[in-house]
Each structure stands twice: as structure tokens, then as C-alpha cells.
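Novice: As input, take entry.txt (compact mmCIF, C-alpha atoms):
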```txt
# COMPACT_ATOMS: atom_id res chain seq x y z
CA MET A 1 248.35 54.08 -109.61
CA ALA A 2 248.29 57.71 -110.67
CA ASP A 3 249.73 60.31 -108.35
CA PRO A 4 247.08 62.07 -106.31
CA SER A 5 246.03 65.29 -107.95
CA ALA A 6 246.55 68.65 -106.32
CA GLU A 7 242.82 68.71 -105.71
CA ASP A 8 242.90 65.36 -103.85
CA LEU A 9 245.79 66.53 -101.72
CA ALA A 10 243.96 69.72 -100.86
CA LYS A 11 240.89 67.68 -99.88
CA ALA A 12 242.98 65.37 -97.70
CA GLU A 13 244.60 68.36 -96.03
CA GLU A 14 241.21 69.91 -95.42
CA LEU A 15 239.90 66.67 -93.85
CA LYS A 16 242.96 66.44 -91.67
CA LYS A 17 242.42 69.99 -90.39
CA LYS A 18 238.75 69.29 -89.82
CA LEU A 19 239.55 66.16 -87.77
CA GLU A 20 242.16 67.96 -85.72
CA SER A 21 239.77 70.75 -84.82
CA MET A 22 237.04 68.38 -83.61
CA THR A 23 236.16 67.88 -79.96
CA PRO A 24 236.35 64.26 -78.76
CA GLU A 25 232.53 64.09 -78.96
CA GLN A 26 232.48 65.35 -82.53
CA LEU A 27 235.25 62.93 -83.45
CA ARG A 28 233.29 60.03 -81.98
CA GLU A 29 230.24 61.07 -83.94
CA PHE A 30 232.32 61.36 -87.12
CA GLN A 31 233.81 57.89 -86.59
CA LYS A 32 230.41 56.40 -85.96
CA LYS A 33 229.15 57.83 -89.23
CA ASN A 34 232.14 56.40 -91.10
CA CYS A 35 232.28 53.04 -89.31
CA ILE A 36 231.51 50.20 -91.70
CA PHE A 37 230.37 47.94 -88.84
CA CYS A 38 227.90 50.58 -87.61
CA GLN A 39 226.53 50.72 -91.15
CA ILE A 40 226.15 46.94 -91.17
CA GLY A 41 224.45 47.17 -87.76
CA SER A 42 221.94 49.72 -89.02
CA GLY A 43 221.32 47.74 -92.21
CA LYS A 44 222.83 50.34 -94.55
CA VAL A 45 225.49 47.87 -95.66
CA ASN A 46 224.67 44.24 -96.39
CA ALA A 47 226.29 41.32 -94.62
CA LYS A 48 225.51 37.68 -94.03
CA LYS A 49 223.89 37.84 -90.63
CA VAL A 50 223.89 34.64 -88.61
CA TYR A 51 222.75 36.13 -85.29
CA GLU A 52 220.87 39.27 -84.40
CA ASP A 53 219.11 40.68 -81.41
CA GLU A 54 218.45 44.19 -80.15
CA ASP A 55 222.01 44.86 -79.05
CA VAL A 56 224.38 42.60 -80.93
CA LEU A 57 224.98 41.27 -84.39
CA GLY A 58 226.91 38.24 -85.66
CA ILE A 59 227.97 38.22 -89.31
CA LEU A 60 230.13 35.97 -91.46
CA ASP A 61 233.62 37.40 -91.96
CA ILE A 62 234.22 37.99 -95.67
CA ASN A 63 237.94 37.30 -95.08
CA PRO A 64 237.54 34.22 -92.88
CA ALA A 65 240.25 32.25 -91.13
CA ASN A 66 238.00 29.22 -91.73
CA PRO A 67 234.55 28.84 -93.30
CA GLY A 68 232.02 29.88 -90.65
CA HIS A 69 234.25 32.52 -89.03
CA VAL A 70 231.80 34.83 -87.25
CA LEU A 71 232.33 38.46 -86.25
CA LEU A 72 230.26 39.28 -83.19
CA MET A 73 229.79 42.97 -82.46
CA PRO A 74 227.68 45.42 -80.52
CA LYS A 75 225.31 47.48 -82.68
CA GLU A 76 226.26 50.55 -80.70
CA HIS A 77 229.65 52.04 -81.64
CA HIS A 78 232.27 50.98 -79.09
CA MET A 79 235.87 50.77 -80.16
CA ILE A 80 237.57 48.64 -77.54
CA LEU A 81 236.74 46.16 -74.81
CA PRO A 82 237.11 48.55 -71.83
CA GLN A 83 234.49 50.86 -73.37
CA LEU A 84 231.72 48.26 -73.35
CA PRO A 85 229.11 48.77 -70.64
CA ASP A 86 229.07 45.83 -68.18
CA GLU A 87 225.71 44.47 -69.23
CA LEU A 88 226.54 44.60 -72.93
CA ARG A 89 229.92 42.90 -72.42
CA GLU A 90 228.27 40.10 -70.46
CA HIS A 91 225.62 39.69 -73.13
CA ILE A 92 228.20 39.62 -75.96
CA PHE A 93 230.15 36.78 -74.44
CA ILE A 94 227.04 34.78 -73.57
CA VAL A 95 226.05 35.12 -77.23
CA ALA A 96 229.62 34.13 -78.19
CA LYS A 97 229.13 30.88 -76.29
CA LYS A 98 225.87 30.28 -78.16
CA ILE A 99 227.50 30.95 -81.53
CA SER A 100 230.44 28.71 -80.65
CA ASN A 101 227.95 25.99 -79.83
CA ASP A 102 226.12 26.59 -83.14
CA LEU A 103 229.40 26.27 -85.06
CA LEU A 104 230.18 22.97 -83.35
CA LYS A 105 226.76 21.58 -84.20
CA ALA A 106 225.84 23.11 -87.53
CA LEU A 107 229.28 23.04 -89.16
CA ASP A 108 230.53 19.95 -87.37
CA ALA A 109 233.50 21.93 -86.06
CA ARG A 110 235.80 20.12 -83.63
CA GLY A 111 236.66 23.20 -81.62
CA THR A 112 236.46 26.98 -81.67
CA ASN A 113 238.79 29.87 -81.03
CA ILE A 114 237.42 33.09 -79.64
CA ILE A 115 239.73 36.05 -80.05
CA VAL A 116 239.43 39.68 -79.02
CA MET A 117 242.03 42.10 -80.31
CA ASN A 118 242.31 45.12 -78.15
CA GLY A 119 244.38 47.81 -79.83
CA PRO A 120 246.31 47.84 -83.13
CA VAL A 121 249.40 46.19 -81.59
CA ALA A 122 247.16 43.25 -80.65
CA GLY A 123 245.98 42.95 -84.25
CA GLN A 124 242.82 45.09 -84.13
CA ARG A 125 242.04 46.55 -87.54
CA ALA A 126 238.45 47.73 -87.24
CA GLN A 127 237.55 50.74 -85.14
CA HIS A 128 234.64 48.80 -83.68
CA PHE A 129 234.77 46.15 -80.97
CA ILE A 130 234.64 42.66 -82.45
CA ALA A 131 234.84 39.17 -80.98
CA HIS A 132 236.09 36.68 -83.56
CA ILE A 133 234.62 33.19 -83.30
CA ILE A 134 236.49 30.75 -85.50
CA PRO A 135 235.42 27.14 -86.04
CA ARG A 136 238.32 24.69 -85.97
CA LYS A 137 239.00 21.20 -87.27
CA GLU A 138 242.07 19.02 -86.93
CA GLY A 139 244.50 19.76 -89.73
CA ASP A 140 242.65 22.87 -90.93
CA GLY A 141 245.99 24.57 -91.59
CA LEU A 142 245.30 27.46 -89.24
CA SER A 143 248.10 28.08 -86.80
CA PHE A 144 248.88 31.02 -84.59
CA THR A 145 252.41 31.98 -83.62
CA LEU A 146 252.58 31.60 -79.86
CA PRO A 147 256.12 31.83 -78.51
CA SER A 148 256.96 30.80 -74.98
CA ALA A 149 258.26 33.44 -72.62
CA LYS A 150 261.12 32.69 -70.29
CA MET A 151 260.55 34.15 -66.86
CA SER A 152 262.48 33.70 -63.64
CA GLU A 153 260.60 32.76 -60.45
CA MET A 154 261.41 36.24 -59.16
CA GLU A 155 259.89 37.93 -62.22
CA LYS A 156 256.78 35.78 -61.94
CA ILE A 157 256.27 36.74 -58.31
CA GLU A 158 256.86 40.44 -59.05
CA ILE A 159 254.45 40.50 -61.97
CA ALA A 160 251.81 38.50 -60.09
CA SER A 161 252.01 40.91 -57.20
CA ALA A 162 252.00 44.11 -59.30
CA VAL A 163 249.19 43.04 -61.63
CA GLY A 164 247.26 41.45 -58.75
CA ASP A 165 247.51 44.65 -56.69
CA ARG A 166 246.35 46.81 -59.59
CA LEU A 167 243.51 44.40 -60.33
CA HIS A 168 242.31 44.65 -56.73
CA VAL A 169 242.37 48.45 -56.98
CA LEU A 170 240.39 48.33 -60.24
CA LEU A 171 237.87 45.99 -58.64
CA GLY A 172 237.53 48.34 -55.69
CA LEU A 173 238.86 45.71 -53.29
CA LYS A 174 241.96 47.67 -52.38
CA LYS A 175 242.72 51.36 -52.08
CA GLU A 176 245.26 53.01 -54.35
CA GLU A 177 247.60 53.85 -51.45
CA GLU A 178 247.67 50.21 -50.32
CA GLU A 179 249.33 49.27 -53.58
CA LYS A 180 252.92 48.34 -52.98
CA PRO A 181 255.41 50.56 -54.79
CA ARG A 182 256.58 48.53 -57.75
CA LYS A 183 260.10 47.62 -58.50
CA LYS A 184 260.79 47.97 -62.16
CA ALA A 185 260.48 44.47 -63.57
CA ALA A 186 262.99 43.53 -66.24
CA SER A 187 260.21 42.88 -68.71
CA GLU A 188 259.05 46.48 -68.35
CA THR A 189 262.23 47.94 -69.74
CA PRO A 190 261.46 48.75 -73.35
CA LYS A 191 264.10 47.35 -75.67
CA THR A 192 262.89 49.30 -78.66
CA PRO A 193 263.40 53.05 -78.65
CA PRO A 194 260.24 55.01 -77.88
CA LYS A 195 258.33 56.05 -80.92
CA LYS A 196 258.38 59.57 -82.22
CA GLU A 197 254.68 60.01 -81.62
CA SER A 198 253.51 62.30 -78.90
CA LYS A 199 253.56 59.59 -76.25
CA LYS A 200 254.57 60.61 -72.81
CA PRO A 201 257.82 58.77 -72.24
CA GLY A 202 257.38 55.43 -70.53
CA LYS A 203 253.64 55.75 -70.28
CA VAL A 204 251.26 53.89 -72.53
CA ASP A 205 247.72 53.95 -71.26
CA LEU A 206 244.27 53.47 -72.67
CA ASP A 207 244.18 57.04 -73.92
CA ASP A 208 247.14 56.23 -76.12
CA ILE A 209 245.34 53.19 -77.46
CA LEU A 210 242.29 55.30 -78.14
CA LYS A 211 244.43 57.93 -79.85
CA VAL A 212 245.99 55.33 -82.12
CA LEU A 213 242.55 54.00 -82.93
CA HIS A 214 241.29 57.49 -83.61
CA GLY A 215 243.92 57.51 -86.35
CA MET B 1 239.37 17.22 -60.46
CA ALA B 2 242.42 15.83 -58.70
CA GLU B 3 244.58 15.47 -61.81
CA CYS B 4 243.67 18.83 -63.41
CA PRO B 5 246.50 21.38 -63.06
CA TYR B 6 244.05 24.33 -63.10
CA CYS B 7 242.03 22.80 -60.25
CA GLN B 8 245.06 22.85 -57.94
CA PRO B 9 245.33 25.72 -55.45
CA ALA B 10 247.32 28.56 -57.03
CA GLU B 11 250.60 29.61 -55.46
CA HIS B 12 250.38 33.31 -56.27
CA PRO B 13 246.82 34.05 -57.35
CA LEU B 14 246.26 37.55 -58.73
CA PHE B 15 242.62 37.32 -57.69
CA GLU B 16 240.43 34.68 -56.14
CA ASP B 17 236.85 34.32 -54.88
CA GLU B 18 234.48 31.36 -54.52
CA GLU B 19 233.89 31.02 -58.26
CA VAL B 20 236.82 32.42 -60.19
CA LYS B 21 240.57 32.70 -59.91
CA ILE B 22 243.11 34.63 -61.94
CA VAL B 23 246.65 33.29 -62.15
CA LEU B 24 249.77 33.76 -64.24
CA SER B 25 249.86 31.15 -66.97
CA PRO B 26 252.24 28.31 -66.07
CA GLU B 27 253.22 28.29 -69.75
CA PRO B 28 253.36 31.98 -70.60
CA ILE B 29 253.25 33.08 -74.23
CA VAL B 30 254.48 36.53 -73.14
CA PRO B 31 255.45 37.82 -69.68
CA GLY B 32 252.26 38.75 -67.85
CA HIS B 33 250.09 36.19 -69.69
CA VAL B 34 247.23 35.53 -67.27
CA LEU B 35 244.44 32.97 -67.10
CA VAL B 36 240.94 33.70 -65.86
CA LEU B 37 239.57 30.37 -64.63
CA PRO B 38 236.29 29.14 -63.21
CA LYS B 39 237.11 27.24 -60.02
CA GLN B 40 234.64 24.54 -60.85
CA HIS B 41 236.03 22.11 -63.39
CA PHE B 42 234.48 22.85 -66.78
CA THR B 43 236.25 21.40 -69.78
CA ILE B 44 234.84 23.64 -72.49
CA LEU B 45 233.00 26.94 -72.89
CA GLU B 46 229.68 25.27 -73.66
CA GLN B 47 229.58 23.80 -70.15
CA VAL B 48 230.05 27.10 -68.33
CA PRO B 49 226.75 28.61 -67.09
CA ASP B 50 225.84 31.97 -68.66
CA LYS B 51 225.97 33.88 -65.39
CA LEU B 52 229.49 32.70 -64.72
CA ILE B 53 230.51 33.62 -68.28
CA GLY B 54 229.42 37.20 -67.65
CA LYS B 55 231.49 37.31 -64.49
CA ILE B 56 234.56 35.67 -66.06
CA PHE B 57 234.66 38.17 -68.93
CA GLY B 58 234.07 41.08 -66.57
CA LEU B 59 237.15 39.96 -64.67
CA ALA B 60 239.07 39.32 -67.91
CA ASN B 61 238.36 42.93 -68.90
CA LYS B 62 239.65 44.21 -65.55
CA ALA B 63 242.72 41.96 -65.81
CA SER B 64 243.33 43.38 -69.28
CA ASN B 65 243.15 46.93 -67.87
CA ALA B 66 245.53 45.99 -65.06
CA LEU B 67 248.02 44.66 -67.64
CA PHE B 68 247.81 47.93 -69.58
CA GLU B 69 248.52 49.90 -66.47
CA THR B 70 251.19 47.83 -64.74
CA LEU B 71 253.14 46.24 -67.61
CA LYS B 72 252.81 49.14 -70.03
CA ALA B 73 251.11 46.86 -72.54
CA GLN B 74 250.22 48.56 -75.81
CA GLY B 75 247.35 46.20 -76.48
CA THR B 76 245.79 43.02 -75.12
CA ASN B 77 244.23 39.89 -76.51
CA LEU B 78 241.54 37.73 -74.99
CA PHE B 79 242.06 34.27 -76.39
CA ILE B 80 240.08 31.08 -75.92
CA ARG B 81 241.12 27.69 -77.15
CA ASN B 82 237.99 25.61 -77.02
CA GLY B 83 238.74 21.97 -77.78
CA VAL B 84 241.85 20.04 -78.77
CA ALA B 85 241.40 21.00 -82.44
CA ALA B 86 241.53 24.66 -81.38
CA GLY B 87 244.82 24.18 -79.54
CA GLN B 88 243.46 23.63 -76.02
CA SER B 89 246.13 21.84 -74.01
CA VAL B 90 244.57 21.65 -70.54
CA ALA B 91 241.08 20.18 -70.15
CA HIS B 92 239.82 23.13 -68.07
CA PHE B 93 238.12 26.14 -69.65
CA ALA B 94 240.30 29.27 -69.48
CA VAL B 95 240.25 32.80 -70.84
CA HIS B 96 243.82 33.75 -71.73
CA VAL B 97 244.65 37.45 -71.41
CA LEU B 98 247.83 38.44 -73.23
CA PRO B 99 249.52 41.82 -72.76
CA ARG B 100 250.86 42.83 -76.16
CA LYS B 101 253.78 44.95 -77.30
CA GLU B 102 255.16 45.67 -80.71
CA ASN B 103 257.42 42.93 -82.10
CA ASP B 104 256.62 40.54 -79.24
CA GLY B 105 256.60 37.56 -81.62
CA VAL B 106 252.92 36.72 -81.10
CA ASN B 107 250.78 36.35 -84.19
CA LEU B 108 247.04 35.77 -83.92
CA GLN B 109 246.39 36.75 -87.53
CA TRP B 110 245.40 34.39 -90.29
CA GLN B 111 245.67 34.04 -94.03
CA PRO B 112 242.14 34.85 -95.21
CA ARG B 113 240.47 32.06 -97.13
CA GLN B 114 238.90 32.90 -100.44
CA LEU B 115 235.40 31.47 -100.35
CA SER B 116 233.05 31.59 -103.31
CA GLU B 117 229.69 33.30 -102.96
CA GLU B 118 228.16 29.83 -103.01
CA GLU B 119 230.34 28.52 -100.20
CA MET B 120 229.52 31.57 -98.07
CA ALA B 121 225.81 31.10 -98.74
CA THR B 122 226.02 27.43 -97.74
CA VAL B 123 227.67 28.29 -94.43
CA GLU B 124 225.08 31.01 -93.80
CA LEU B 125 222.24 28.60 -94.49
CA LYS B 126 223.66 25.88 -92.22
CA LEU B 127 223.99 28.35 -89.35
CA LYS B 128 220.54 29.79 -89.92
CA GLU B 129 218.88 26.39 -90.05
CA LYS B 130 219.27 26.03 -86.31
CA PRO B 131 217.59 29.19 -85.13
CA ILE B 132 217.56 29.51 -81.37
CA PRO B 133 215.52 32.45 -80.09
CA PRO B 134 217.77 35.32 -79.00
CA GLN B 135 218.53 35.64 -75.30
CA GLU B 136 217.39 32.09 -74.66
CA GLN B 137 219.84 30.40 -72.42
CA VAL B 138 221.59 27.52 -74.07
CA LYS B 139 220.53 24.76 -71.75
CA SER B 140 223.40 22.41 -71.28
CA GLN B 141 222.66 19.61 -73.67
CA PRO B 142 223.24 16.08 -72.44
CA ILE B 143 226.97 16.13 -72.03
CA GLU B 144 227.50 12.71 -73.61
CA GLU B 145 226.37 14.11 -76.94
CA ASN B 146 229.08 16.66 -77.02
CA TYR B 147 232.00 15.72 -79.22
CA LEU B 148 234.46 17.98 -77.44
CA TRP B 149 233.68 16.49 -74.11
CA ARG B 150 233.99 12.98 -75.51
CA SER B 151 237.28 13.78 -77.15
CA TRP B 152 238.65 14.92 -73.80
CA ASN B 153 237.34 11.78 -72.19
CA ARG B 154 239.22 9.66 -74.67
CA ARG B 155 242.48 11.32 -73.82
CA PRO B 156 244.77 9.19 -71.69
CA GLY B 157 245.56 10.43 -68.21
```
Take the structure I supplied and represent it as C-alpha cells, if you would.
Specialist:
Amino acid sequence: MADPSAEDLAKAEELKKKLESMTPEQLREFQKKNCIFCQIGSGKVNAKKVYEDEDVLGILDINPANPGHVLLMPKEHHMILPQLPDELREHIFIVAKKISNDLLKALDARGTNIIVMNGPVAGQRAQHFIAHIIPRKEGDGLSFTLPSAKMSEMEKIEIASAVGDRLHVLLGLKKEEEEKPRKKAASETPKTPPKKESKKPGKVDLDDILKVLHG
Amino acid sequence: MAECPYCQPAEHPLFEDEEVKIVLSPEPIVPGHVLVLPKQHFTILEQVPDKLIGKIFGLANKASNALFETLKAQGTNLFIRNGVAAGQSVAHFAVHVLPRKENDGVNLQWQPRQLSEEEMATVELKLKEKPIPPQEQVKSQPIEENYLWRSWNRRPG
């Protein structure tokens, strides 16, 4: 590959500056315009559609894990699971069940995997929320690496209580101040040094995920 | 069901109401791996009523947020293994929520298959041949016809 020309570099630099100067709203608009899945949703880019209604679209993945691998997505631009409005999220997963059922019947699949990748660390590559629905057969050669975590009884109880407390706060069933102060669980201690990026030390929240996705 | 491990009362539930419970996975893939379970015994996704699906995934989303906030997860996966061929090991439908960190040893990626244009078109056609009007609820088909359910039934124990 030829080295980028001075002109290309200048263009890239200009784009970078432009992106940095955008407000979050402008950035969202820019991403929407450049999102391949939004273009498929609006019909500007072709794809093999296997399900469509007003709000969601199911297409065949062109890089499938197995033949019949469906990408199910909202037509509206949402990047990650927590951004989906309640009604849309419910609808997406009800449609996922329908598509799973279609794969079992029409493709004679013996099972299905449904996978949502939320954030780049979890394997998300597209900047658009996608539920993967993958038809499975015995001996299809597809295998995921799923280690088994060793946890002491104590750790289990601590994590269950901390996550359970937070969950109750998020569900509005408990007030913030009722949350027990957490002891630092062993699994929370990061073994890898914090990255150089502008992360606040020891704090990774959804904003960080969004920032990473914003590129 | 008496012999189903997910039907047993949970020791330390993270959340529980009449229909759904959230527990730590007894066989965690990573620390903080949780299961969102319908309390009623459904073997596979196709048996779970639509309304309950909406609720289960709403709770899975909240559980995912709670994992971000309490365990400093950098990402999360929702993962469903529907049927023995898909790796399901307990005959009770579950949404797995995995908190993810860099280099945690989990890999949910795949080697993409190279399909010819013809193969893709065949798959598309097969899936389009069974059009079901959008939004229509998938009425639970007679359960005996369902291969997945039968395959579970054949399993010993």
C-alpha cells in the first residue's frame, strides 16, 4: 500500500479537528449519516432482508458464523443496549424470538444462539445496536471460548449483594442511600495498568463506553 | 420442575418477583456472570410468552447496567444458548449477562464463513418462504412438534 499523500493526511487532520469541535448532538448526527446500518435501514445500501417492520430490520450477515446468521437491528440509530427505548427493546427481542423460531423451522437448525455485544471490549464492532441470531447444528464447528471463573463463597456473596443493591436502585425499588457501602471485591482490582486514555482512574462507566464507540 | 436446578429457590437472589429472578450463575464464565430467569419452567426461548420476553430483557438491560456500575465492567454481553446444539446445558431458558473486561479470556467471536452468492440467496429464500405478518404473536405451536423440546425430553434424568 502506498504511503498516504500529504493531501490525505491534511484531510484526515481536518476531519479530526471537525469531529473534535462538534457538540454531542452534531456528533450523533454525523455518525448517523455515516452509519452503514442506518443506510441499510433507509434502503440506501442493499442487504438481504429476512424481516422488516416499521421499527426493526433483520438482514443476513455477509460474514456469517453459520449460514442463516441474522443481524437484527433498530432502524433508528442507537449505539448500545442501554440507549434503546423500553418499547423498542421489548419489540426487538420479541422479534428475535420469532426469527429464532424461523431459523429452527426453515433452516432445520437444532438450536440458536442470540448474542448482544455491548461495547468494543465485549466484541461490538458496529456503531449500531445489533442482536446476532445464529442458527446452530451439532458439529457445526462453531465454538466460543468460555472459561470458568473461580470464585470463593465470600466473593459470590459480596458480588451478589453489590450488584443486587445497585439493580434495585436502578429499578427504583431502593434509594441510593440505602445501598450498603461496598467493600472492594478482589475481582474489582484491575490487574492490568490503566490505559493512557483520558479515563478517570478506577472509573469506567457508560460514558466511557460511548466515548470509545464515538471513536 | 423438581429436578431443574434453576427452578430451585435461589440462595442469594439479586432480584426476584412473581415472574422473574436474577441470580449469579452457578457456573460463572467470569466473576459477576448473572442469569435472568423466568420462574416458570420454560425449556427454550420459543416457549416463553412475548410479554414475559419483554420483561426479561428489560431486566437483563438493567442487570447489565448494574454490572457496569458495580464491577467496573468495560462492556457486557447478553448471551442465549437455545438448545443443546447451541451449548445449552440446563433445560431452563436463561439470559446470561456477562460483565466484560479486556483480556478476560472470553471469546464470542467467530471465523466468518465464506458463502457464495448462491448459498446466501438460498438461505434468504428459505427464510422468506415462511412469511409471518410482522407483530403477529408467534402462537406457541403444539409443543410435541418442536425438535428442541423433544431433544430435551430424550435426555436422561
Novice: As an exercise, work out the distance from CA of Gln31 in chain A to CA of Lys18 in chain A in Å and give it to one decimal place.
Specialist: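 Separation between CA of Gln31 in chain A and CA of Lys18 in chain A: 12.8 Å.
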Novice: Sorted by chain and rising residue number, list the residues of chain B at most 6 Å from chain A (counting all atoms listed in the file), each with its closest atom pair and distance in Å to one decimal, as JSON lines.
Specialist:
```
{"residue": "B:Leu14", "atom": "CA", "partner": "A:Gly164", "partner_atom": "CA", "distance": 4.0}
{"residue": "B:Pro28", "atom": "CA", "partner": "A:Ala149", "partner_atom": "CA", "distance": 5.5}
{"residue": "B:Ile29", "atom": "CA", "partner": "A:Ser148", "partner_atom": "CA", "distance": 4.4}
{"residue": "B:Val30", "atom": "CA", "partner": "A:Ala149", "partner_atom": "CA", "distance": 4.9}
{"residue": "B:Pro31", "atom": "CA", "partner": "A:Ala149", "partner_atom": "CA", "distance": 6.0}
{"residue": "B:Asp50", "atom": "CA", "partner": "A:Ile94", "partner_atom": "CA", "distance": 5.8}
{"residue": "B:Gly54", "atom": "CA", "partner": "A:Glu90", "partner_atom": "CA", "distance": 4.2}
{"residue": "B:Ala66", "atom": "CA", "partner": "A:Leu167", "partner_atom": "CA", "distance": 5.4}
{"residue": "B:Leu71", "atom": "CA", "partner": "A:Glu188", "partner_atom": "CA", "distance": 6.0}
{"residue": "B:Lys72", "atom": "CA", "partner": "A:Val204", "partner_atom": "CA", "distance": 5.6}
{"residue": "B:Gly75", "atom": "CA", "partner": "A:Gly119", "partner_atom": "CA", "distance": 4.8}
{"residue": "B:Thr76", "atom": "CA", "partner": "A:Asn118", "partner_atom": "CA", "distance": 5.1}
{"residue": "B:Asn77", "atom": "CA", "partner": "A:Met117", "partner_atom": "CA", "distance": 4.9}
{"residue": "B:Leu78", "atom": "CA", "partner": "A:Val116", "partner_atom": "CA", "distance": 4.9}
{"residue": "B:Phe79", "atom": "CA", "partner": "A:Ile115", "partner_atom": "CA", "distance": 4.7}
{"residue": "B:Ile80", "atom": "CA", "partner": "A:Ile114", "partner_atom": "CA", "distance": 5.0}
{"residue": "B:Arg81", "atom": "CA", "partner": "A:Asn113", "partner_atom": "CA", "distance": 5.0}
{"residue": "B:Asn82", "atom": "CA", "partner": "A:Thr112", "partner_atom": "CA", "distance": 5.1}
{"residue": "B:Gly83", "atom": "CA", "partner": "A:Gly111", "partner_atom": "CA", "distance": 4.5}
{"residue": "B:Ala85", "atom": "CA", "partner": "A:Glu138", "partner_atom": "CA", "distance": 5.0}
{"residue": "B:Ala86", "atom": "CA", "partner": "A:Gly111", "partner_atom": "CA", "distance": 5.1}
{"residue": "B:Arg100", "atom": "CA", "partner": "A:Ala122", "partner_atom": "CA", "distance": 5.8}
{"residue": "B:Glu102", "atom": "CA", "partner": "A:Val121", "partner_atom": "CA", "distance": 5.8}
{"residue": "B:Val106", "atom": "CA", "partner": "A:Leu146", "partner_atom": "CA", "distance": 5.3}
{"residue": "B:Asn107", "atom": "CA", "partner": "A:Thr145", "partner_atom": "CA", "distance": 4.7}
{"residue": "B:Leu108", "atom": "CA", "partner": "A:Phe144", "partner_atom": "CA", "distance": 5.1}
{"residue": "B:Trp110", "atom": "CA", "partner": "A:Ala65", "partner_atom": "CA", "distance": 5.6}
{"residue": "B:Pro112", "atom": "CA", "partner": "A:Asn63", "partner_atom": "CA", "distance": 4.9}
{"residue": "B:Arg113", "atom": "CA", "partner": "A:Pro64", "partner_atom": "CA", "distance": 5.6}
{"residue": "B:Val123", "atom": "CA", "partner": "A:Gly68", "partner_atom": "CA", "distance": 6.0}
{"residue": "B:Lys126", "atom": "CA", "partner": "A:Ala106", "partner_atom": "CA", "distance": 5.9}
{"residue": "B:Leu127", "atom": "CA", "partner": "A:Ala106", "partner_atom": "CA", "distance": 5.8}
```
Novice: Please indicate the distance in Å from CA of Pro38 in chain B to CA of Lys21 in chain B, rounded to one decimal place.
Specialist: 6.5 Å
Novice: Between CA of Pro4 in chain A and CA of Lys33 in chain A, what distance in Å does the model show, to one decimal?
Specialist: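 Computing the Euclidean distance for CA of Pro4 in chain A and CA of Lys33 in chain A yields 25.1 Å.
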Novice: Restricting the calculation to all atoms listed in the file: of A:Leu173, A:Leu57, A:Cys38, A:Leu27, which residue gets closest to Phe15 in chain B?
Specialist: A:Leu173
Novice: Would you kindly identify which residues have an atom no farther than 10 Å from (236.2, 38.2, -65.8), using only C-alpha atoms and the file's own coordinates, and write them out as a ChimeraX atom specification?
Specialist: /A:90 /B:20-22,35-38,52-64,95
Novice: When distances are computed from all atoms listed in the file, which of B:His12, B:His41, B:Lys128, B:His33 shows the smallest separation from Glu153 in chain A?
Specialist: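 Looking at the shortest contact to Glu153 in chain A, the residue is B:His12.
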Novice: Go through B:Gln88, B:Thr70, B:Asn103, B:Ser116 and flag the residue nearest Glu158 in chain A, using all atoms listed in the file for the distances.
Specialist: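 Checking each of B:Gln88, B:Thr70, B:Asn103, B:Ser116 against Glu158 in chain A, counting all atoms listed in the file, the winner is B:Thr70.
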Novice: Hey, what's within 12 Å of Glu3 in chain B if we count all atoms listed in the file and toss same-chain stuff fewer than 2 positions away? As a VMD selection string, please?
Specialist: chain B and resid 1 5 to 8 41 90 to 92 156 to 157
Novice: Could you write range 126-131 of chain A as a PDB file, keeping the file's coordinate frame, with all heavy atoms rebuilt where they are missing?
Specialist:
```pdb
ATOM      1  N   ALA A 126     239.680  46.933 -87.153  1.00  0.00           N
ATOM      2  CA  ALA A 126     238.450  47.730 -87.240  1.00  0.00           C
ATOM      3  C   ALA A 126     238.366  48.677 -86.048  1.00  0.00           C
ATOM      4  O   ALA A 126     238.890  48.378 -84.980  1.00  0.00           O
ATOM      5  CB  ALA A 126     237.244  46.805 -87.228  1.00  0.00           C
ATOM      6  N   GLN A 127     237.721  49.809 -86.251  1.00  0.00           N
ATOM      7  CA  GLN A 127     237.550  50.740 -85.140  1.00  0.00           C
ATOM      8  C   GLN A 127     236.222  50.473 -84.432  1.00  0.00           C
ATOM      9  O   GLN A 127     235.495  51.381 -84.060  1.00  0.00           O
ATOM     10  CB  GLN A 127     237.566  52.178 -85.655  1.00  0.00           C
ATOM     11  CG  GLN A 127     238.850  52.506 -86.377  1.00  0.00           C
ATOM     12  CD  GLN A 127     239.111  53.988 -86.445  1.00  0.00           C
ATOM     13  OE1 GLN A 127     238.305  54.793 -86.022  1.00  0.00           O
ATOM     14  NE2 GLN A 127     240.265  54.370 -86.975  1.00  0.00           N
ATOM     15  N   HIS A 128     235.912  49.207 -84.280  1.00  0.00           N
ATOM     16  CA  HIS A 128     234.640  48.800 -83.680  1.00  0.00           C
ATOM     17  C   HIS A 128     234.935  47.499 -82.961  1.00  0.00           C
ATOM     18  O   HIS A 128     235.564  46.607 -83.536  1.00  0.00           O
ATOM     19  CB  HIS A 128     233.609  48.611 -84.794  1.00  0.00           C
ATOM     20  CG  HIS A 128     232.189  48.478 -84.324  1.00  0.00           C
ATOM     21  ND1 HIS A 128     231.228  49.424 -84.619  1.00  0.00           N
ATOM     22  CD2 HIS A 128     231.555  47.529 -83.600  1.00  0.00           C
ATOM     23  CE1 HIS A 128     230.059  49.051 -84.087  1.00  0.00           C
ATOM     24  NE2 HIS A 128     230.249  47.895 -83.462  1.00  0.00           N
ATOM     25  N   PHE A 129     234.480  47.374 -81.729  1.00  0.00           N
ATOM     26  CA  PHE A 129     234.770  46.150 -80.970  1.00  0.00           C
ATOM     27  C   PHE A 129     234.215  44.912 -81.677  1.00  0.00           C
ATOM     28  O   PHE A 129     233.061  44.890 -82.087  1.00  0.00           O
ATOM     29  CB  PHE A 129     234.168  46.228 -79.562  1.00  0.00           C
ATOM     30  CG  PHE A 129     234.317  44.939 -78.816  1.00  0.00           C
ATOM     31  CD1 PHE A 129     235.485  44.669 -78.122  1.00  0.00           C
ATOM     32  CD2 PHE A 129     233.323  43.966 -78.856  1.00  0.00           C
ATOM     33  CE1 PHE A 129     235.641  43.460 -77.460  1.00  0.00           C
ATOM     34  CE2 PHE A 129     233.481  42.749 -78.195  1.00  0.00           C
ATOM     35  CZ  PHE A 129     234.647  42.506 -77.501  1.00  0.00           C
ATOM     36  N   ILE A 130     235.054  43.902 -81.806  1.00  0.00           N
ATOM     37  CA  ILE A 130     234.640  42.660 -82.450  1.00  0.00           C
ATOM     38  C   ILE A 130     235.192  41.466 -81.667  1.00  0.00           C
ATOM     39  O   ILE A 130     236.344  41.474 -81.255  1.00  0.00           O
ATOM     40  CB  ILE A 130     235.186  42.586 -83.905  1.00  0.00           C
ATOM     41  CG1 ILE A 130     234.418  43.547 -84.809  1.00  0.00           C
ATOM     42  CG2 ILE A 130     235.086  41.166 -84.465  1.00  0.00           C
ATOM     43  CD1 ILE A 130     234.988  43.660 -86.202  1.00  0.00           C
ATOM     44  N   ALA A 131     234.348  40.454 -81.465  1.00  0.00           N
ATOM     45  CA  ALA A 131     234.840  39.170 -80.980  1.00  0.00           C
ATOM     46  C   ALA A 131     234.831  38.210 -82.167  1.00  0.00           C
ATOM     47  O   ALA A 131     233.795  38.045 -82.817  1.00  0.00           O
ATOM     48  CB  ALA A 131     233.978  38.641 -79.846  1.00  0.00           C
TER      49      ALA A 131
END
```
